[in-house]
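Peer 1: Supplied structure: start-v2.cif, mmCIF, C-alpha atoms and all ligand atoms.
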```cif
data_entry
loop_
_atom_site.label_atom_id
_atom_site.label_comp_id
_atom_site.auth_asym_id
_atom_site.auth_seq_id
_atom_site.Cartn_x
_atom_site.Cartn_y
_atom_site.Cartn_z
CA MET A 1 1.10 68.72 37.75
CA ASN A 2 4.26 68.41 39.87
CA SER A 3 4.38 66.78 43.32
CA LYS A 4 6.91 67.30 46.10
CA GLN A 5 9.65 65.11 47.48
CA PRO A 6 9.91 64.56 51.28
CA ASP A 7 12.43 67.43 51.51
CA GLY A 8 10.00 69.73 49.67
CA THR A 9 11.78 69.62 46.29
CA PRO A 10 9.24 69.51 43.44
CA ILE A 11 9.19 66.30 41.53
CA ASN A 12 9.08 66.76 37.78
CA VAL A 13 6.50 64.39 36.21
CA ALA A 14 9.24 63.42 33.77
CA GLU A 15 11.24 61.96 36.64
CA LYS A 16 8.22 59.92 37.76
CA GLY A 17 8.10 58.16 34.46
CA ASP A 18 4.94 59.81 33.14
CA GLY A 19 6.09 60.70 29.57
CA SER A 20 9.73 60.86 30.73
CA ASP A 21 10.90 58.58 27.99
CA GLU A 22 9.61 60.88 25.27
CA ARG A 23 11.12 63.96 26.99
CA ASP A 24 14.46 62.22 27.47
CA VAL A 25 14.60 61.40 23.80
CA ARG A 26 13.71 64.97 22.81
CA ARG A 27 16.31 66.39 25.19
CA ALA A 28 18.98 64.00 23.94
CA THR A 29 18.29 64.69 20.28
CA GLN A 30 17.76 68.44 20.59
CA PRO A 31 21.33 69.48 19.70
CA HIS A 32 21.27 67.39 16.55
CA GLN A 33 17.76 68.12 15.34
CA ARG A 34 18.91 70.51 12.66
CA ASP A 35 21.37 68.08 11.08
CA PHE A 36 19.51 64.89 11.84
CA PRO A 37 15.79 65.66 12.30
CA TYR A 38 14.16 62.98 14.43
CA GLU A 39 10.47 62.47 15.09
CA ARG A 40 9.47 59.54 17.23
CA GLY A 41 5.93 59.45 15.88
CA GLU A 42 7.22 59.06 12.34
CA GLU A 43 9.56 56.32 13.43
CA ALA A 44 6.66 54.47 15.04
CA GLN A 45 4.63 54.83 11.84
CA VAL A 46 7.47 53.49 9.68
CA THR A 47 7.93 50.62 12.08
CA ARG A 48 4.21 49.76 11.94
CA ARG A 49 4.24 50.01 8.15
CA GLU A 50 7.30 47.79 7.92
CA PHE A 51 5.72 45.29 10.28
CA CYS A 52 2.52 45.16 8.18
CA ASN A 53 4.58 44.67 5.02
CA PHE A 54 6.50 41.91 6.73
CA LEU A 55 3.25 40.20 7.77
CA ALA A 56 1.82 40.47 4.26
CA LEU A 57 5.00 39.05 2.71
CA THR A 58 5.15 36.22 5.22
CA SER A 59 1.48 35.33 4.66
CA THR A 60 2.00 35.32 0.88
CA ALA A 61 5.07 33.12 1.18
CA LEU A 62 3.21 30.69 3.45
CA PHE A 63 0.23 30.57 1.09
CA VAL A 64 2.44 29.93 -1.95
CA SER A 65 4.38 27.15 -0.24
CA ALA A 66 1.16 25.54 1.09
CA ALA A 67 -0.33 25.63 -2.41
CA GLY A 68 2.85 24.06 -3.79
CA ILE A 69 2.73 21.25 -1.25
CA ALA A 70 -0.97 20.63 -1.93
CA GLY A 71 -0.31 20.56 -5.68
CA LYS A 72 2.52 18.09 -5.30
CA ALA A 73 0.38 15.87 -3.06
CA ALA A 74 -2.39 15.91 -5.67
CA LEU A 75 0.08 15.00 -8.41
CA ASP A 76 1.57 12.21 -6.30
CA ALA A 77 -1.90 10.82 -5.54
CA GLY A 78 -2.73 10.65 -9.24
CA ALA A 79 0.62 9.24 -10.32
CA GLU A 80 0.89 5.56 -11.19
CA PRO A 81 3.81 3.72 -9.62
CA SER A 82 6.32 2.45 -12.15
CA TYR A 83 7.39 -1.19 -12.35
CA ALA A 84 10.17 -2.93 -14.20
CA ALA A 85 9.16 -4.44 -17.54
CA MET A 86 8.87 -8.23 -17.59
CA LYS A 87 8.58 -10.68 -20.48
CA ILE A 88 5.50 -12.92 -20.18
CA GLU A 89 6.68 -16.42 -20.92
CA GLY A 90 4.50 -18.46 -23.28
CA ALA A 91 2.55 -15.48 -24.62
CA PRO A 92 3.53 -15.82 -28.31
CA GLU A 93 2.35 -19.46 -28.30
CA LEU A 94 -0.98 -18.61 -26.68
CA ALA A 95 -3.83 -19.61 -28.98
CA PRO A 96 -6.46 -16.95 -29.77
CA GLY A 97 -9.44 -17.31 -27.46
CA SER A 98 -7.41 -18.61 -24.51
CA SER A 99 -5.54 -17.35 -21.46
CA LEU A 100 -2.60 -18.00 -19.18
CA ASN A 101 -1.66 -16.93 -15.69
CA PHE A 102 1.48 -15.10 -14.71
CA ARG A 103 2.68 -12.89 -11.84
CA TYR A 104 3.32 -9.17 -12.11
CA PRO A 105 4.81 -6.93 -10.83
CA ASN A 106 5.74 -9.12 -7.83
CA GLU A 107 5.60 -12.81 -7.12
CA ASP A 108 2.50 -12.28 -4.95
CA ASP A 109 0.58 -10.45 -7.67
CA THR A 110 -1.29 -13.02 -9.71
CA ALA A 111 -2.36 -11.83 -13.15
CA ILE A 112 -4.14 -13.16 -16.20
CA LEU A 113 -3.21 -12.70 -19.86
CA VAL A 114 -6.01 -13.18 -22.38
CA ARG A 115 -5.61 -13.50 -26.13
CA SER A 116 -8.90 -12.61 -27.71
CA ALA A 117 -10.36 -14.42 -30.72
CA ASP A 118 -8.92 -11.75 -33.03
CA GLY A 119 -5.41 -12.28 -31.63
CA GLN A 120 -5.10 -9.20 -29.38
CA TYR A 121 -3.61 -9.41 -25.91
CA PHE A 122 -5.18 -8.07 -22.71
CA ALA A 123 -3.93 -8.51 -19.16
CA TYR A 124 -5.34 -7.79 -15.70
CA GLY A 125 -4.64 -8.37 -12.06
CA GLN A 126 -6.43 -11.61 -11.26
CA LYS A 127 -8.02 -10.44 -8.02
CA CYS A 128 -11.70 -9.60 -8.33
CA THR A 129 -12.36 -6.07 -7.11
CA HIS A 130 -15.22 -7.29 -4.91
CA LEU A 131 -13.61 -9.63 -2.39
CA ALA A 132 -10.42 -10.64 -4.21
CA CYS A 133 -11.43 -14.06 -5.55
CA PRO A 134 -9.39 -15.00 -8.65
CA VAL A 135 -11.14 -14.24 -11.93
CA TYR A 136 -10.84 -16.60 -14.90
CA PHE A 137 -11.35 -16.29 -18.64
CA GLU A 138 -14.60 -17.75 -19.96
CA PRO A 139 -13.88 -18.36 -23.68
CA LYS A 140 -17.42 -19.03 -24.82
CA ARG A 141 -18.67 -15.70 -23.52
CA GLN A 142 -15.32 -13.98 -23.99
CA ARG A 143 -15.48 -12.54 -20.46
CA LEU A 144 -13.53 -12.59 -17.28
CA GLU A 145 -15.73 -14.08 -14.62
CA CYS A 146 -15.59 -14.35 -10.86
CA PRO A 147 -17.03 -17.56 -9.41
CA CYS A 148 -17.52 -16.27 -5.86
CA HIS A 149 -20.49 -13.95 -6.33
CA ASP A 150 -21.09 -14.13 -10.06
CA GLY A 151 -19.17 -11.02 -11.10
CA GLY A 152 -18.30 -10.42 -14.73
CA PHE A 153 -15.77 -8.16 -16.49
CA ASP A 154 -15.26 -7.06 -20.08
CA VAL A 155 -12.14 -8.75 -21.44
CA ARG A 156 -11.13 -5.75 -23.56
CA THR A 157 -11.49 -3.06 -20.92
CA GLY A 158 -11.67 -4.79 -17.53
CA ASN A 159 -14.91 -2.92 -16.83
CA VAL A 160 -17.60 -4.51 -14.67
CA LEU A 161 -20.39 -6.09 -16.74
CA TYR A 162 -22.50 -7.43 -13.88
CA GLY A 163 -22.41 -8.61 -10.30
CA PRO A 164 -21.17 -6.93 -7.12
CA PRO A 165 -17.61 -5.82 -8.06
CA PRO A 166 -17.42 -2.08 -7.36
CA ARG A 167 -14.76 -1.17 -9.93
CA PRO A 168 -12.89 -2.44 -12.98
CA LEU A 169 -10.03 -4.91 -12.72
CA ASP A 170 -6.51 -3.58 -12.32
CA GLN A 171 -5.04 -3.29 -15.78
CA ILE A 172 -1.59 -4.50 -16.79
CA MET A 173 -0.06 -2.54 -19.64
CA LEU A 174 1.47 -4.64 -22.39
CA GLU A 175 3.96 -4.19 -25.19
CA VAL A 176 4.34 -6.60 -28.07
CA ARG A 177 8.00 -6.57 -29.05
CA GLU A 178 10.15 -8.08 -31.76
CA GLY A 179 9.57 -11.75 -32.37
CA GLY A 180 6.05 -11.52 -30.94
CA GLU A 181 7.30 -11.34 -27.35
CA VAL A 182 4.72 -9.88 -24.96
CA TRP A 183 6.02 -7.73 -22.10
CA ALA A 184 4.21 -6.42 -19.06
CA VAL A 185 5.37 -2.81 -18.66
CA GLY A 186 3.11 -1.35 -15.98
CA ARG A 187 0.10 -1.85 -13.79
CA LYS A 188 -2.75 0.58 -13.26
CA ALA A 189 -5.50 0.49 -10.64
CA GLY A 190 -8.87 -0.13 -12.23
CA GLY A 191 -10.55 3.17 -11.44
CA HIS A 192 -12.97 3.89 -8.60
CA GLU A 193 -16.41 3.37 -10.05
CA ARG A 194 -18.29 0.92 -12.15
CA SER A 195 -18.48 1.99 -15.77
CA VAL A 196 -21.73 0.09 -16.44
S1 LIG B 1 -15.35 -11.76 -5.03
FE1 LIG B 1 -15.78 -11.56 -7.11
S2 LIG B 1 -17.85 -11.16 -7.20
FE2 LIG B 1 -17.44 -11.32 -5.09
#
```
In structure tokens, what does this structure look like?
Peer 2:
Amino acid sequence: MNSKQPDGTPINVAEKGDGSDERDVRRATQPHQRDFPYERGEEAQVTRREFCNFLALTSTALFVSAAGIAGKAALDAGAEPSYAAMKIEGAPELAPGSSLNFRYPNEDDTAILVRSADGQYFAYGQKCTHLACPVYFEPKRQRLECPCHDGGFDVRTGNVLYGPPPRPLDQIMLEVREGGEVWAVGRKAGGHERSV
């Protein structure tokens, strides 16, 4: 319904802004409708559809990248750090059933090399996994023992045999090279749980 201006001229609702935008567009496009048909409703629908597609694509891209980051973090968490190989001095001369101390991978990391009665080599970080006392090799029982709270570890696996240590000893990977040289080539954390 039209109102009147102060001078009595009727005011078209279109001029008041009620739907005027739509009418203006129709009026402006009228001469070209045959050659270039234009429907605002359709345009709005296409725009909504495009927007939904855009949202879906963006969500998928975000999900894929988040999954990639999570996967990489998981891989990194499980990866062992790599250390430079180091020759363990005195290893070839070590008598079966005895041990020697060395440091690996850094000067602060005390370690123990054991040569079992059958001549095989095993090496571990020397810190007990309970409260970090240094373990030692007990040749009679062929075990690594911790004097602080009576913890014991298997010399061939580093696993806990008894006592309060919560997890195996850190293992040092070894390579026996030409001439009987023994090299430390890596260090691996001793797991998270007791195996016995
Ligand atoms: S520190 Fe080794 S058993 Fe407690």
Peer 1: What residues of the protein or nucleic acid chains come within 12 Å of ligand LIG 1 (chain B) when you use only C-alpha atoms and all ligand atoms? Reply as a PyMOL selection string.
Peer 2: chain A and resi 126-136+144-153+160-169
Peer 1: Taking all atoms listed in the file into account, name the residue in A:Ala189, A:Met173, A:Ala84, A:Val155 that is nearest to Arg115 (chain A).
Peer 2: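 Of the candidates, the smallest distance to Arg115 (chain A) is held by A:Val155.
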Peer 1: Mind pulling up the distance from CA of Gly119 (chain A) to CA of Gly191 (chain A)?
Peer 2: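 According to the coordinates, CA of Gly191 (chain A) and CA of Gly119 (chain A) are separated by 25.9 Å.
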Peer 1: How many Å separate CA of Ser99 (chain A) from CA of Ala184 (chain A)?
Peer 2: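 Distance reported for this atom pair: 14.8 Å.
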Peer 1: Would you pick out the contacts of Ile88 (chain A) at 7 Å or less, using only C-alpha atoms, so that residues sharing its chain but fewer than 2 positions from it are not included, and give the list as a PyMOL selection string?
Peer 2: chain A and resi 86+90-91+182-184
Peer 1: By how many Å are CA of Tyr83 (chain A) and CA of Gln142 (chain A) apart?
Peer 2: 28.5 Å
Peer 1: Find the residues near Thr110 (chain A): any atom within 8 Å, counting all atoms listed in the file, skip ones fewer than 2 places away on the same chain, and give them as a list in words.
Peer 2: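 The filter keeps Asn101, Phe102, Arg103, Tyr104, Glu107, Asp108, Ile112, Gly125, Gln126 and Lys127 of chain A.
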Peer 1: What lies within 9 Å of Ser98 (chain A) using only C-alpha atoms, ignoring chain neighbours under 4 positions off, as number ranges by chain?
Peer 2: A: 94, 113-117, 137-139
